[in-house]
$ cat upload.txt   # compact mmCIF, C-alpha atoms
# COMPACT_ATOMS: atom_id res chain seq x y z
CA MET V 1 68.41 48.70 -18.15
CA GLN V 2 66.02 51.08 -19.90
CA ASP V 3 63.54 48.42 -21.07
CA THR V 4 60.90 46.88 -18.84
CA PRO V 5 62.15 43.35 -18.00
CA ARG V 6 60.08 40.49 -19.35
CA GLY V 7 59.47 39.28 -15.79
CA SER V 8 57.68 42.56 -14.97
CA ARG V 9 55.36 42.51 -17.99
CA LEU V 10 51.78 41.23 -18.24
CA HIS V 11 51.97 37.89 -20.09
CA ILE V 12 49.27 37.39 -22.75
CA ALA V 13 49.31 33.97 -24.45
CA LEU V 14 47.57 33.04 -27.72
CA PHE V 15 46.20 29.52 -28.03
CA GLY V 16 44.27 27.82 -30.82
CA ARG V 17 44.42 25.18 -33.50
CA ARG V 18 47.01 25.13 -36.26
CA ASN V 19 46.42 27.79 -38.90
CA ALA V 20 43.91 29.66 -36.75
CA GLY V 21 45.97 32.80 -37.38
CA LYS V 22 47.66 33.24 -34.00
CA SER V 23 50.91 34.52 -35.51
CA SER V 24 49.03 36.86 -37.86
CA LEU V 25 47.08 38.17 -34.88
CA ILE V 26 50.29 39.00 -33.02
CA ASN V 27 51.48 40.94 -36.05
CA ALA V 28 48.14 42.80 -36.17
CA LEU V 29 48.26 43.62 -32.44
CA THR V 30 51.82 44.91 -32.62
CA GLY V 31 51.57 46.55 -36.03
CA GLN V 32 54.83 44.79 -36.93
CA GLU V 33 55.87 41.64 -38.75
CA LEU V 34 57.16 40.03 -35.57
CA ALA V 35 55.84 36.48 -36.03
CA ILE V 36 56.43 34.17 -38.99
CA VAL V 37 53.21 33.69 -40.94
CA SER V 38 52.58 30.78 -43.30
CA ALA V 39 49.59 29.00 -44.84
CA VAL V 40 51.26 25.72 -43.84
CA PRO V 41 49.71 24.44 -40.58
CA GLY V 42 52.15 24.02 -37.70
CA THR V 43 54.60 26.78 -38.63
CA THR V 44 54.91 27.77 -34.95
CA THR V 45 56.48 24.83 -33.08
CA ASP V 46 57.78 26.34 -29.84
CA PRO V 47 56.37 29.23 -27.79
CA VAL V 48 57.57 32.58 -29.16
CA TYR V 49 57.73 35.68 -26.95
CA LYS V 50 57.20 39.24 -28.23
CA SER V 51 57.43 42.31 -25.97
CA MET V 52 55.33 45.39 -26.66
CA GLU V 53 53.24 48.14 -25.03
CA ILE V 54 49.43 48.17 -24.93
CA ASN V 55 48.04 51.33 -23.41
CA PRO V 56 46.75 51.69 -20.77
CA ILE V 57 47.87 48.20 -19.67
CA GLY V 58 51.51 49.08 -20.22
CA PRO V 59 54.35 46.66 -20.99
CA VAL V 60 53.20 43.18 -22.03
CA VAL V 61 54.63 39.99 -23.47
CA LEU V 62 52.64 38.28 -26.24
CA ILE V 63 53.26 34.52 -26.40
CA ASP V 64 52.61 32.64 -29.65
CA THR V 65 52.09 28.90 -29.15
CA ALA V 66 51.90 25.76 -31.29
CA GLY V 67 48.51 24.44 -32.44
CA LEU V 68 46.36 22.66 -29.86
CA ASP V 69 45.43 20.09 -32.51
CA ASP V 70 49.01 19.16 -33.39
CA SER V 71 49.26 15.41 -34.04
CA GLY V 72 51.78 12.61 -33.74
CA GLU V 73 54.29 12.05 -30.95
CA LEU V 74 56.20 15.24 -31.77
CA GLY V 75 52.92 17.13 -32.02
CA ARG V 76 51.84 15.93 -28.57
CA GLN V 77 55.13 17.16 -27.16
CA ARG V 78 54.52 20.56 -28.76
CA VAL V 79 51.02 20.73 -27.26
CA LYS V 80 52.42 19.83 -23.85
CA LYS V 81 55.01 22.60 -24.17
CA SER V 82 52.29 25.04 -25.24
CA LEU V 83 50.08 24.18 -22.26
CA ALA V 84 53.05 24.70 -19.95
CA VAL V 85 52.92 28.36 -21.00
CA LEU V 86 49.74 28.67 -18.89
CA GLU V 87 51.94 28.58 -15.80
CA LYS V 88 53.32 32.01 -16.67
CA THR V 89 50.22 33.46 -18.35
CA ASP V 90 48.11 36.31 -16.95
CA LEU V 91 45.59 36.58 -19.82
CA VAL V 92 44.61 34.08 -22.55
CA LEU V 93 43.48 34.76 -26.12
CA LEU V 94 41.76 31.65 -27.52
CA VAL V 95 41.82 31.99 -31.31
CA VAL V 96 39.39 30.20 -33.66
CA THR V 97 38.46 30.84 -37.28
CA ALA V 98 35.06 32.11 -38.38
CA GLU V 99 34.93 29.22 -40.85
CA LYS V 100 35.26 26.42 -38.26
CA GLY V 101 34.51 27.98 -34.88
CA PRO V 102 35.31 26.31 -31.54
CA GLY V 103 34.82 22.62 -30.79
CA GLU V 104 35.86 19.89 -28.37
CA ILE V 105 39.52 20.90 -28.42
CA GLU V 106 38.63 24.42 -27.32
CA LYS V 107 36.24 23.09 -24.66
CA ALA V 108 38.99 20.93 -23.18
CA PHE V 109 41.42 23.83 -23.24
CA LEU V 110 38.93 26.13 -21.48
CA THR V 111 38.54 23.56 -18.71
CA THR V 112 42.30 23.66 -18.14
CA ALA V 113 42.41 27.47 -18.22
CA ARG V 114 39.51 27.72 -15.75
CA GLN V 115 41.23 25.35 -13.34
CA LYS V 116 44.07 27.85 -13.28
CA GLU V 117 41.59 30.72 -12.82
CA LEU V 118 42.85 32.52 -15.93
CA PRO V 119 40.80 35.17 -17.74
CA VAL V 120 40.12 34.08 -21.35
CA ILE V 121 39.02 36.13 -24.36
CA GLY V 122 37.77 34.25 -27.42
CA VAL V 123 38.96 35.65 -30.76
CA ILE V 124 37.03 34.78 -33.93
CA ASN V 125 39.63 35.38 -36.63
CA LYS V 126 39.43 35.53 -40.46
CA ILE V 127 36.02 37.21 -40.58
CA ASP V 128 37.07 38.67 -43.94
CA LEU V 129 36.71 35.22 -45.51
CA PRO V 130 33.34 33.83 -46.66
CA GLY V 131 31.64 30.76 -45.19
CA ALA V 132 31.31 31.50 -41.48
CA THR V 133 29.92 28.56 -39.55
CA ALA V 134 26.86 28.88 -37.31
CA VAL V 135 28.02 28.39 -33.72
CA ASP V 136 26.41 29.34 -30.41
CA TYR V 137 29.46 31.00 -28.92
CA SER V 138 27.62 31.91 -25.71
CA VAL V 139 27.74 28.32 -24.44
CA PHE V 140 31.50 28.61 -23.97
CA GLY V 141 31.08 31.17 -21.20
CA ILE V 142 33.73 33.64 -22.34
CA PRO V 143 33.59 36.96 -24.22
CA TRP V 144 34.21 36.76 -27.99
CA VAL V 145 35.62 39.39 -30.34
CA LYS V 146 35.44 39.17 -34.15
CA VAL V 147 38.60 40.23 -36.00
CA SER V 148 40.47 40.01 -39.23
CA ALA V 149 44.19 39.86 -38.59
CA LEU V 150 44.68 40.44 -42.34
CA THR V 151 42.67 43.66 -42.68
CA GLY V 152 42.89 44.90 -39.08
CA GLN V 153 39.13 44.86 -38.61
CA GLY V 154 38.20 44.40 -34.94
CA ILE V 155 41.78 44.78 -33.62
CA SER V 156 40.91 47.96 -31.68
CA GLU V 157 37.93 46.19 -30.13
CA LEU V 158 40.16 43.27 -29.18
CA LYS V 159 42.63 45.58 -27.46
CA GLN V 160 39.77 47.12 -25.48
CA ALA V 161 38.61 43.66 -24.45
CA MET V 162 42.16 42.80 -23.35
CA ILE V 163 42.32 45.96 -21.26
CA ALA V 164 38.99 45.10 -19.63
CA ALA V 165 39.95 41.48 -18.93
CA ALA V 166 43.51 42.07 -17.72
CA PRO V 167 43.69 41.06 -14.06
CA ARG V 168 43.84 44.10 -11.85
CA ASN V 169 46.18 42.40 -9.40
CA TRP V 170 48.71 41.10 -11.91
CA LYS V 171 51.37 43.57 -10.87
CA ALA V 172 53.68 42.30 -8.16
CA PRO V 173 53.88 44.09 -4.79
CA THR V 174 56.32 46.93 -4.45
CA ILE V 175 59.94 45.84 -3.97
CA ALA V 176 61.11 48.01 -1.08
CA GLY V 177 59.47 51.44 -1.31
CA ASP V 178 56.83 50.56 1.29
CA LEU V 179 59.45 49.67 3.91
CA LEU V 180 60.60 53.21 4.67
CA PRO V 181 59.02 56.67 4.64
CA ALA V 182 59.42 58.97 1.65
CA GLY V 183 62.56 61.07 1.92
CA GLU V 184 64.40 58.53 4.07
CA LEU V 185 67.69 56.90 3.03
CA ALA V 186 68.11 53.32 1.86
CA LEU V 187 71.73 52.12 1.79
CA LEU V 188 72.33 49.42 -0.83
CA VAL V 189 75.38 47.14 -0.59
CA VAL V 190 76.38 45.85 -4.02
CA PRO V 191 79.51 43.69 -4.31
CA LEU V 192 81.14 43.75 -7.74
CA ASP V 193 82.60 40.27 -8.09
CA GLU V 194 83.21 38.03 -11.11
CA ALA V 195 79.52 37.21 -11.37
CA ALA V 196 78.53 40.88 -11.77
CA PRO V 197 77.88 41.86 -15.41
CA GLN V 198 80.56 44.08 -16.90
CA GLY V 199 79.67 47.77 -16.80
CA ARG V 200 76.26 47.43 -15.14
CA LEU V 201 74.37 46.20 -12.09
CA ILE V 202 72.30 43.04 -12.00
CA LEU V 203 68.57 43.34 -12.65
CA PRO V 204 67.25 43.05 -9.04
CA GLN V 205 69.59 45.85 -7.95
CA VAL V 206 68.47 48.13 -10.77
CA GLN V 207 64.80 47.41 -10.12
CA THR V 208 65.19 48.04 -6.38
CA ILE V 209 66.84 51.39 -7.00
CA ARG V 210 64.05 52.43 -9.37
CA ASP V 211 61.36 51.26 -6.95
CA LEU V 212 62.87 53.28 -4.10
CA LEU V 213 63.15 56.37 -6.29
CA ASP V 214 59.54 55.91 -7.41
CA HIS V 215 58.57 56.06 -3.73
CA ASN V 216 60.60 59.27 -3.25
CA CYS V 217 63.23 57.59 -1.10
CA GLN V 218 66.89 58.52 -1.14
CA VAL V 219 69.35 55.87 -2.27
CA MET V 220 73.05 55.38 -1.59
CA VAL V 221 74.84 52.51 -3.35
CA VAL V 222 78.19 51.23 -2.08
CA LYS V 223 80.40 48.20 -2.48
CA ASP V 224 80.66 45.89 0.51
CA GLU V 225 84.15 47.11 1.46
CA GLN V 226 82.82 50.70 1.51
CA LEU V 227 79.95 50.05 3.94
CA ARG V 228 81.74 50.99 7.16
CA ALA V 229 82.88 54.33 5.74
CA ALA V 230 79.42 55.00 4.25
CA LEU V 231 77.71 54.48 7.62
CA LYS V 232 80.12 56.95 9.23
CA ARG V 233 79.50 59.48 6.47
CA CYS V 234 75.72 59.43 6.95
CA GLY V 235 74.57 62.21 9.23
CA GLN V 236 72.06 59.81 10.73
CA PRO V 237 71.58 56.04 10.36
CA PRO V 238 69.86 54.91 7.15
CA ALA V 239 66.25 53.79 7.43
CA LEU V 240 67.10 50.49 5.72
CA VAL V 241 70.18 48.59 4.56
CA ILE V 242 69.74 46.17 1.64
CA THR V 243 72.58 43.82 0.79
CA ASP V 244 73.49 41.13 -1.65
CA SER V 245 72.88 37.83 0.14
CA GLN V 246 76.38 36.54 -0.53
CA VAL V 247 77.90 39.19 1.77
CA PHE V 248 75.05 39.01 4.29
CA HIS V 249 77.25 37.89 7.16
CA ALA V 250 79.83 40.67 6.75
CA VAL V 251 77.16 43.36 6.31
CA ASP V 252 75.31 42.08 9.39
CA ALA V 253 78.48 42.43 11.45
CA ILE V 254 79.05 46.04 10.34
CA THR V 255 75.48 47.38 10.33
CA PRO V 256 74.34 48.66 13.77
CA PRO V 257 71.68 46.34 15.28
CA GLU V 258 69.11 49.13 15.46
CA VAL V 259 69.26 49.63 11.66
CA PRO V 260 66.85 47.37 9.70
CA LEU V 261 68.71 45.02 7.39
CA THR V 262 67.50 42.70 4.62
CA SER V 263 68.68 41.42 1.23
CA PHE V 264 67.73 41.84 -2.41
CA SER V 265 66.83 38.16 -2.58
CA ILE V 266 64.48 38.36 0.40
CA LEU V 267 62.84 41.43 -1.15
CA PHE V 268 62.33 39.44 -4.34
CA ALA V 269 60.95 36.51 -2.37
CA ARG V 270 58.04 38.82 -1.61
CA TYR V 271 58.04 40.72 -4.91
CA LYS V 272 58.05 37.68 -7.17
CA GLY V 273 56.68 34.95 -4.92
CA ASP V 274 55.33 34.23 -1.45
CA LEU V 275 57.73 35.19 1.33
CA VAL V 276 55.79 33.38 4.06
CA THR V 277 55.86 30.06 2.18
CA LEU V 278 59.57 30.44 1.41
CA VAL V 279 60.34 31.15 5.06
CA LYS V 280 58.39 28.03 6.03
CA GLY V 281 60.58 26.18 3.55
CA ALA V 282 63.68 27.35 5.40
CA GLN V 283 62.46 25.59 8.54
CA ALA V 284 62.69 22.28 6.63
CA ILE V 285 66.46 22.69 6.44
CA LYS V 286 66.55 21.60 10.09
CA GLU V 287 65.18 18.18 9.07
CA LEU V 288 67.68 17.47 6.28
CA GLN V 289 69.95 14.46 6.66
CA PRO V 290 73.12 13.53 4.75
CA GLY V 291 72.16 11.78 1.51
CA ASP V 292 68.85 13.62 1.11
CA LYS V 293 68.09 14.84 -2.41
CA VAL V 294 67.96 18.64 -2.87
CA LEU V 295 66.93 20.44 -6.07
CA ILE V 296 68.57 23.78 -6.82
CA ALA V 297 66.38 25.53 -9.40
CA GLU V 298 67.42 28.56 -11.43
CA ALA V 299 64.94 30.27 -13.76
CA CYS V 300 67.60 31.27 -16.29
CA THR V 301 70.84 29.98 -17.71
CA HIS V 302 74.03 31.98 -17.34
CA HIS V 303 77.80 31.71 -17.38
CA ARG V 304 79.10 29.94 -14.29
CA VAL V 305 82.01 31.45 -12.36
CA ASP V 306 84.33 29.95 -9.78
CA ASP V 307 82.53 29.47 -6.46
CA ASP V 308 79.15 29.89 -8.20
CA ILE V 309 76.18 30.48 -5.90
CA ALA V 310 74.15 27.52 -7.21
CA THR V 311 76.84 24.94 -7.88
CA ALA V 312 79.32 25.73 -5.10
CA LYS V 313 78.25 28.10 -2.33
CA ILE V 314 74.76 26.82 -1.52
CA PRO V 315 75.83 23.14 -1.61
CA ARG V 316 78.79 23.98 0.65
CA TRP V 317 76.64 25.90 3.16
CA LEU V 318 73.99 23.17 3.30
CA ASN V 319 76.53 20.37 3.61
CA GLN V 320 78.15 22.22 6.50
CA TYR V 321 74.78 22.75 8.15
CA VAL V 322 73.71 19.08 8.02
CA GLY V 323 77.20 17.77 8.80
CA GLY V 324 77.49 15.60 5.70
CA LYS V 325 76.97 15.44 1.95
CA LEU V 326 73.56 16.00 0.42
CA ASP V 327 72.60 14.79 -3.07
CA PHE V 328 72.24 17.97 -5.16
CA GLU V 329 70.58 18.28 -8.56
CA LEU V 330 70.66 21.51 -10.61
CA ALA V 331 67.81 22.58 -12.92
CA SER V 332 68.16 25.69 -15.09
CA GLY V 333 65.65 27.25 -17.47
CA GLY V 334 61.91 27.52 -17.97
CA THR V 335 60.62 24.33 -16.34
CA LEU V 336 61.05 22.31 -13.18
CA PRO V 337 61.87 18.59 -13.38
CA ASP V 338 59.10 16.01 -13.24
CA LYS V 339 58.43 14.04 -10.04
CA LEU V 340 59.25 16.74 -7.53
CA GLU V 341 58.27 14.27 -4.80
CA GLN V 342 61.78 12.79 -4.98
CA TYR V 343 63.32 15.88 -3.35
CA ARG V 344 63.44 16.74 0.34
CA LEU V 345 63.92 20.45 -0.41
CA ILE V 346 63.76 22.82 -3.40
CA VAL V 347 66.08 25.83 -3.35
CA HIS V 348 65.00 28.43 -5.91
CA CYS V 349 66.82 31.48 -7.24
CA GLY V 350 65.51 35.02 -6.77
CA ALA V 351 63.30 34.70 -9.89
CA CYS V 352 64.39 38.02 -11.38
CA MET V 353 64.05 36.67 -14.95
CA ILE V 354 60.51 35.20 -14.65
CA ASN V 355 57.21 36.84 -13.82
CA ARG V 356 55.38 36.54 -10.52
CA ARG V 357 52.74 34.17 -11.82
CA GLN V 358 55.38 31.70 -12.98
CA MET V 359 57.19 31.84 -9.64
CA LEU V 360 53.92 31.36 -7.77
CA SER V 361 53.18 28.43 -10.08
CA ARG V 362 56.49 26.85 -9.13
CA ILE V 363 55.76 27.35 -5.45
CA PHE V 364 52.34 25.73 -5.96
CA ALA V 365 53.94 22.78 -7.78
CA ALA V 366 56.27 22.24 -4.83
CA GLN V 367 53.37 22.44 -2.37
CA LYS V 368 51.34 20.00 -4.46
CA ALA V 369 54.26 17.56 -4.34
CA GLY V 370 54.59 18.06 -0.59
CA VAL V 371 58.12 19.44 -0.90
CA PRO V 372 59.25 22.55 1.03
CA ILE V 373 60.67 25.34 -1.11
CA VAL V 374 62.97 28.20 -0.15
CA ASN V 375 64.82 30.84 -2.16
CA TYR V 376 68.49 31.76 -2.14
CA GLY V 377 68.28 34.80 0.13
CA VAL V 378 66.07 33.18 2.77
CA LEU V 379 68.27 30.09 2.81
CA ILE V 380 71.50 32.06 3.11
CA ALA V 381 70.15 34.14 6.00
CA PHE V 382 68.95 30.95 7.69
CA VAL V 383 72.22 28.99 7.48
CA LEU V 384 74.15 32.09 8.61
CA GLY V 385 71.90 32.46 11.65
CA ILE V 386 70.59 35.95 10.77
CA LEU V 387 67.17 35.17 9.32
CA LYS V 388 65.31 36.83 12.21
CA ARG V 389 67.11 40.11 11.58
CA ALA V 390 66.65 39.86 7.81
CA LEU V 391 62.90 39.39 8.26
CA ALA V 392 62.42 42.25 10.74
CA PRO V 393 60.75 44.45 8.05
CA PHE V 394 58.21 41.66 7.39
CA PRO V 395 56.25 40.87 10.60
CA GLU V 396 54.08 38.13 9.09
CA ALA V 397 57.11 36.16 7.95
CA LEU V 398 59.06 36.96 11.12
CA ALA V 399 56.32 35.40 13.21
CA LEU V 400 57.24 32.00 11.74
CA ILE V 401 60.77 32.09 13.14
CA LYS V 402 61.50 30.51 16.50
CA ASP V 403 64.68 31.15 18.48
$ encode --input "upload.txt" --output "structure tokens"
Amino acid sequence: MQDTPRGSRLHIALFGRRNAGKSSLINALTGQELAIVSAVPGTTTDPVYKSMEINPIGPVVLIDTAGLDDSGELGRQRVKKSLAVLEKTDLVLLVVTAEKGPGEIEKAFLTTARQKELPVIGVINKIDLPGATAVDYSVFGIPWVKVSALTGQGISELKQAMIAAAPRNWKAPTIAGDLLPAGELALLVVPLDEAAPQGRLILPQVQTIRDLLDHNCQVMVVKDEQLRAALKRCGQPPALVITDSQVFHAVDAITPPEVPLTSFSILFARYKGDLVTLVKGAQAIKELQPGDKVLIAEACTHHRVDDDIATAKIPRWLNQYVGGKLDFELASGGTLPDKLEQYRLIVHCGACMINRRQMLSRIFAAQKAGVPIVNYGVLIAFVLGILKRALAPFPEALALIKD
């Protein structure tokens, strides 16, 4: 709870050929032996994530990837997995050695990075070794910094270049602090069921509380069965009620109609993604027919409980809505399945464990495949018939809803 979640950190990925010194560079940037270093090419096989602070950027995640020149069938799979990291990357460090410099592999990679509109810094590593090749680095169209990961030479200059190149808009929008004036009360409804982690709140709840406090709002947190008493105790109605989506219907029935009401998941639809697109996706639920294929996508893996949201509740609600059985497929973890065109709808989790760029990338992948996408909170409010009320704080998204 005290550490900045990985999903809220700037993601900086290191790419380059095998033995370019990417892992050594991570160790030099962090001042710690975090990454395994070896003279044997191909030591790093899967992306490795390291969290740290770089002032004044703040919390970041450094991602070490396999070599872009990896060979063989297994090597091609590693390269594919490395390139997939671009979907969650905010800033790229392209590492070459002073001895060899960049070539066709780096040119091809830069084309891919530019298509994704990613800022790239070129890093010329191992300048402490003799035999630097003569290369016109200017033709690559990116800034270059000379460093020695071994001696530390140039590392300060590289950090300055990273600060300068970091996208200014990488931070997600505020979660809820812009929805009510400073000093006003937000009432948060937090059920503590079997899915709640023992002894603590789930991450979106913690982040929402902190965001409200950062905006000088007052916060009251209650369990769902305490809501009626909490509303009576308040001297005046709260400025906003935020609930867990799974008790949306009960909270809607108790909360006075004049009090704005939304859910954590709808807040995160805006915070981590694109609320308007996800609300458009909800409209596609009306077109579903029994037998249609629906993908339920979760960005993390976790212990399943009885009546799990992904495997039980959402399928039950959607089956009831369409009046028959849909064909559900569950995907958990860092990637979406191939051939998204086979699905009539994608239902995504709240994305609390991935960063905004990765969630936006998933939304884009769905759009590219022509498949509507919605998240848990928007879907739940839709099938329960209270989406208009849940979107009242968001006029642009509300305008998409018809009676």
$ residues_near_point --input "upload.txt" --point "(53.7, 36.3, -13.0)" --cutoff "12 Å" --atoms "all atoms listed in the file" --output "MDAnalysis selection string"
chainID V and resid 6:12 60:61 85:91 118 167 169:173 271:274 351:363
$ residues_around --input "upload.txt" --residues "region 263-266 of chain V" --least-positions-apart "2" --cutoff "6 Å" --atoms "only C-alpha atoms" --output "PDB file with C-alpha atoms, in the coordinates of the input"
ATOM      1  CA  ILE V 242      69.740  46.170   1.640  1.00  0.00           C
ATOM      2  CA  THR V 243      72.580  43.820   0.790  1.00  0.00           C
ATOM      3  CA  ASP V 244      73.490  41.130  -1.650  1.00  0.00           C
ATOM      4  CA  SER V 245      72.880  37.830   0.140  1.00  0.00           C
ATOM      5  CA  PHE V 268      62.330  39.440  -4.340  1.00  0.00           C
ATOM      6  CA  ALA V 269      60.950  36.510  -2.370  1.00  0.00           C
ATOM      7  CA  GLY V 350      65.510  35.020  -6.770  1.00  0.00           C
ATOM      8  CA  GLY V 377      68.280  34.800   0.130  1.00  0.00           C
ATOM      9  CA  VAL V 378      66.070  33.180   2.770  1.00  0.00           C
TER      10      VAL V 378
END
$ closest_residue --input "upload.txt" --among "V:Phe328, V:Phe248, V:Tyr137, V:Tyr343" --to "Ile380 (chain V)" --atoms "only C-alpha atoms"
V:Phe248
$ atom_distance --input "upload.txt" --atom1 "CA of Pro393 (chain V)" --atom2 "CA of Leu288 (chain V)"
27.9 Å
$ residues_around --input "upload.txt" --residues "region 26-31 of chain V" --least-positions-apart "4" --cutoff "7 Å" --atoms "only C-alpha atoms" --output "list in words"
Lys22, Ala35, Met52, Ala149, Gly152 and Ile155 of chain V
$ atom_distance --input "upload.txt" --atom1 "CA of Leu295 (chain V)" --atom2 "CA of Val190 (chain V)"
27.2 Å
$ closest_residue --input "upload.txt" --among "V:Ala113, V:Ile124, V:Leu129, V:Ala366" --to "Asp338 (chain V)" --atoms "only C-alpha atoms"
V:Ala366
$ closest_residue --input "upload.txt" --among "V:Phe394, V:Val145, V:Pro237, V:Thr277" --to "Ala161 (chain V)" --atoms "only C-alpha atoms"
V:Val145
$ residues_around --input "upload.txt" --residues "Leu227 (chain V)" --least-positions-apart "2" --cutoff "12 Å" --atoms "all atoms listed in the file" --output "CSV table (one decimal) with C-alpha atoms, in the frame of the given file"
chain,number,residue,atom,x,y,z
V,187,LEU,CA,71.7,52.1,1.8
V,188,LEU,CA,72.3,49.4,-0.8
V,189,VAL,CA,75.4,47.1,-0.6
V,190,VAL,CA,76.4,45.8,-4.0
V,191,PRO,CA,79.5,43.7,-4.3
V,220,MET,CA,73.0,55.4,-1.6
V,221,VAL,CA,74.8,52.5,-3.4
V,222,VAL,CA,78.2,51.2,-2.1
V,223,LYS,CA,80.4,48.2,-2.5
V,224,ASP,CA,80.7,45.9,0.5
V,225,GLU,CA,84.2,47.1,1.5
V,229,ALA,CA,82.9,54.3,5.7
V,230,ALA,CA,79.4,55.0,4.2
V,231,LEU,CA,77.7,54.5,7.6
V,232,LYS,CA,80.1,57.0,9.2
V,233,ARG,CA,79.5,59.5,6.5
V,234,CYS,CA,75.7,59.4,7.0
V,238,PRO,CA,69.9,54.9,7.2
V,241,VAL,CA,70.2,48.6,4.6
V,242,ILE,CA,69.7,46.2,1.6
V,243,THR,CA,72.6,43.8,0.8
V,247,VAL,CA,77.9,39.2,1.8
V,250,ALA,CA,79.8,40.7,6.8
V,251,VAL,CA,77.2,43.4,6.3
V,252,ASP,CA,75.3,42.1,9.4
V,253,ALA,CA,78.5,42.4,11.4
V,254,ILE,CA,79.0,46.0,10.3
V,255,THR,CA,75.5,47.4,10.3
V,256,PRO,CA,74.3,48.7,13.8
$ atom_distance --input "upload.txt" --atom1 "CA of Ala239 (chain V)" --atom2 "CA of Arg270 (chain V)"
19.3 Å
$ closest_residue --input "upload.txt" --among "V:Ile142, V:Ala312, V:Ile163, V:Ala98" --to "Glu53 (chain V)" --atoms "only C-alpha atoms"
V:Ile163
$ closest_residue --input "upload.txt" --among "V:Pro337, V:Pro260, V:Pro315, V:Pro372" --to "Gln283 (chain V)" --atoms "all atoms listed in the file"
V:Pro372
$ residues_around --input "upload.txt" --residues "Gly16 (chain V)" --least-positions-apart "2" --cutoff "7 Å" --atoms "only C-alpha atoms" --output "list in words"
Leu14, Arg18, Ala20, Gly67, Leu68, Leu94, Val95 and Val96 of chain V
$ closest_residue --input "upload.txt" --among "V:Ile209, V:Leu318, V:Leu150, V:Ile373" --to "Leu340 (chain V)" --atoms "all atoms listed in the file"
V:Ile373
$ residues_around --input "upload.txt" --residues "Trp144 (chain V)" --least-positions-apart "4" --cutoff "12 Å" --atoms "only C-alpha atoms" --output "list in words"
Leu93, Leu94, Val95, Val96, Thr97, Ala98, Gly101, Pro102, Val120, Ile121, Gly122, Val123, Ile124, Asn125, Val135, Asp136, Tyr137, Ser138, Val139, Phe140, Gly154, Glu157, Leu158, Ala161, Met162 and Ala165 of chain V
$ build_atoms --input "upload.txt" --residues "region 117-129 of chain V" --atoms "N, CA and C atoms" --output "mmCIF file, keeping the file's coordinate frame"
data_model
loop_
_atom_site.group_PDB
_atom_site.id
_atom_site.type_symbol
_atom_site.label_atom_id
_atom_site.label_comp_id
_atom_site.auth_asym_id
_atom_site.auth_seq_id
_atom_site.Cartn_x
_atom_site.Cartn_y
_atom_site.Cartn_z
ATOM 1 N N GLU V 117 42.248 29.434 -13.106
ATOM 2 C CA GLU V 117 41.590 30.720 -12.820
ATOM 3 C C GLU V 117 42.133 31.843 -13.700
ATOM 4 N N LEU V 118 42.322 31.536 -14.984
ATOM 5 C CA LEU V 118 42.850 32.520 -15.930
ATOM 6 C C LEU V 118 41.712 33.194 -16.696
ATOM 7 N N PRO V 119 41.771 34.510 -16.868
ATOM 8 C CA PRO V 119 40.800 35.170 -17.740
ATOM 9 C C PRO V 119 41.073 34.811 -19.201
ATOM 10 N N VAL V 120 39.995 34.507 -19.947
ATOM 11 C CA VAL V 120 40.120 34.080 -21.350
ATOM 12 C C VAL V 120 39.236 34.952 -22.223
ATOM 13 N N ILE V 121 39.786 35.431 -23.335
ATOM 14 C CA ILE V 121 39.020 36.130 -24.360
ATOM 15 C C ILE V 121 39.028 35.262 -25.612
ATOM 16 N N GLY V 122 37.848 34.976 -26.166
ATOM 17 C CA GLY V 122 37.770 34.250 -27.420
ATOM 18 C C GLY V 122 37.918 35.204 -28.592
ATOM 19 N N VAL V 123 38.714 34.820 -29.575
ATOM 20 C CA VAL V 123 38.960 35.650 -30.760
ATOM 21 C C VAL V 123 38.513 34.873 -31.993
ATOM 22 N N ILE V 124 37.515 35.395 -32.700
ATOM 23 C CA ILE V 124 37.030 34.780 -33.930
ATOM 24 C C ILE V 124 37.757 35.447 -35.089
ATOM 25 N N ASN V 125 38.752 34.789 -35.624
ATOM 26 C CA ASN V 125 39.630 35.380 -36.630
ATOM 27 C C ASN V 125 39.147 35.034 -38.050
ATOM 28 N N LYS V 126 39.681 35.741 -39.024
ATOM 29 C CA LYS V 126 39.430 35.530 -40.460
ATOM 30 C C LYS V 126 37.969 35.807 -40.833
ATOM 31 N N ILE V 127 37.395 36.861 -40.236
ATOM 32 C CA ILE V 127 36.020 37.210 -40.580
ATOM 33 C C ILE V 127 35.916 37.825 -41.962
ATOM 34 N N ASP V 128 37.070 38.129 -42.580
ATOM 35 C CA ASP V 128 37.070 38.670 -43.940
ATOM 36 C C ASP V 128 36.817 37.599 -44.988
ATOM 37 N N LEU V 129 36.905 36.322 -44.567
ATOM 38 C CA LEU V 129 36.710 35.220 -45.510
ATOM 39 C C LEU V 129 35.252 34.771 -45.486
#
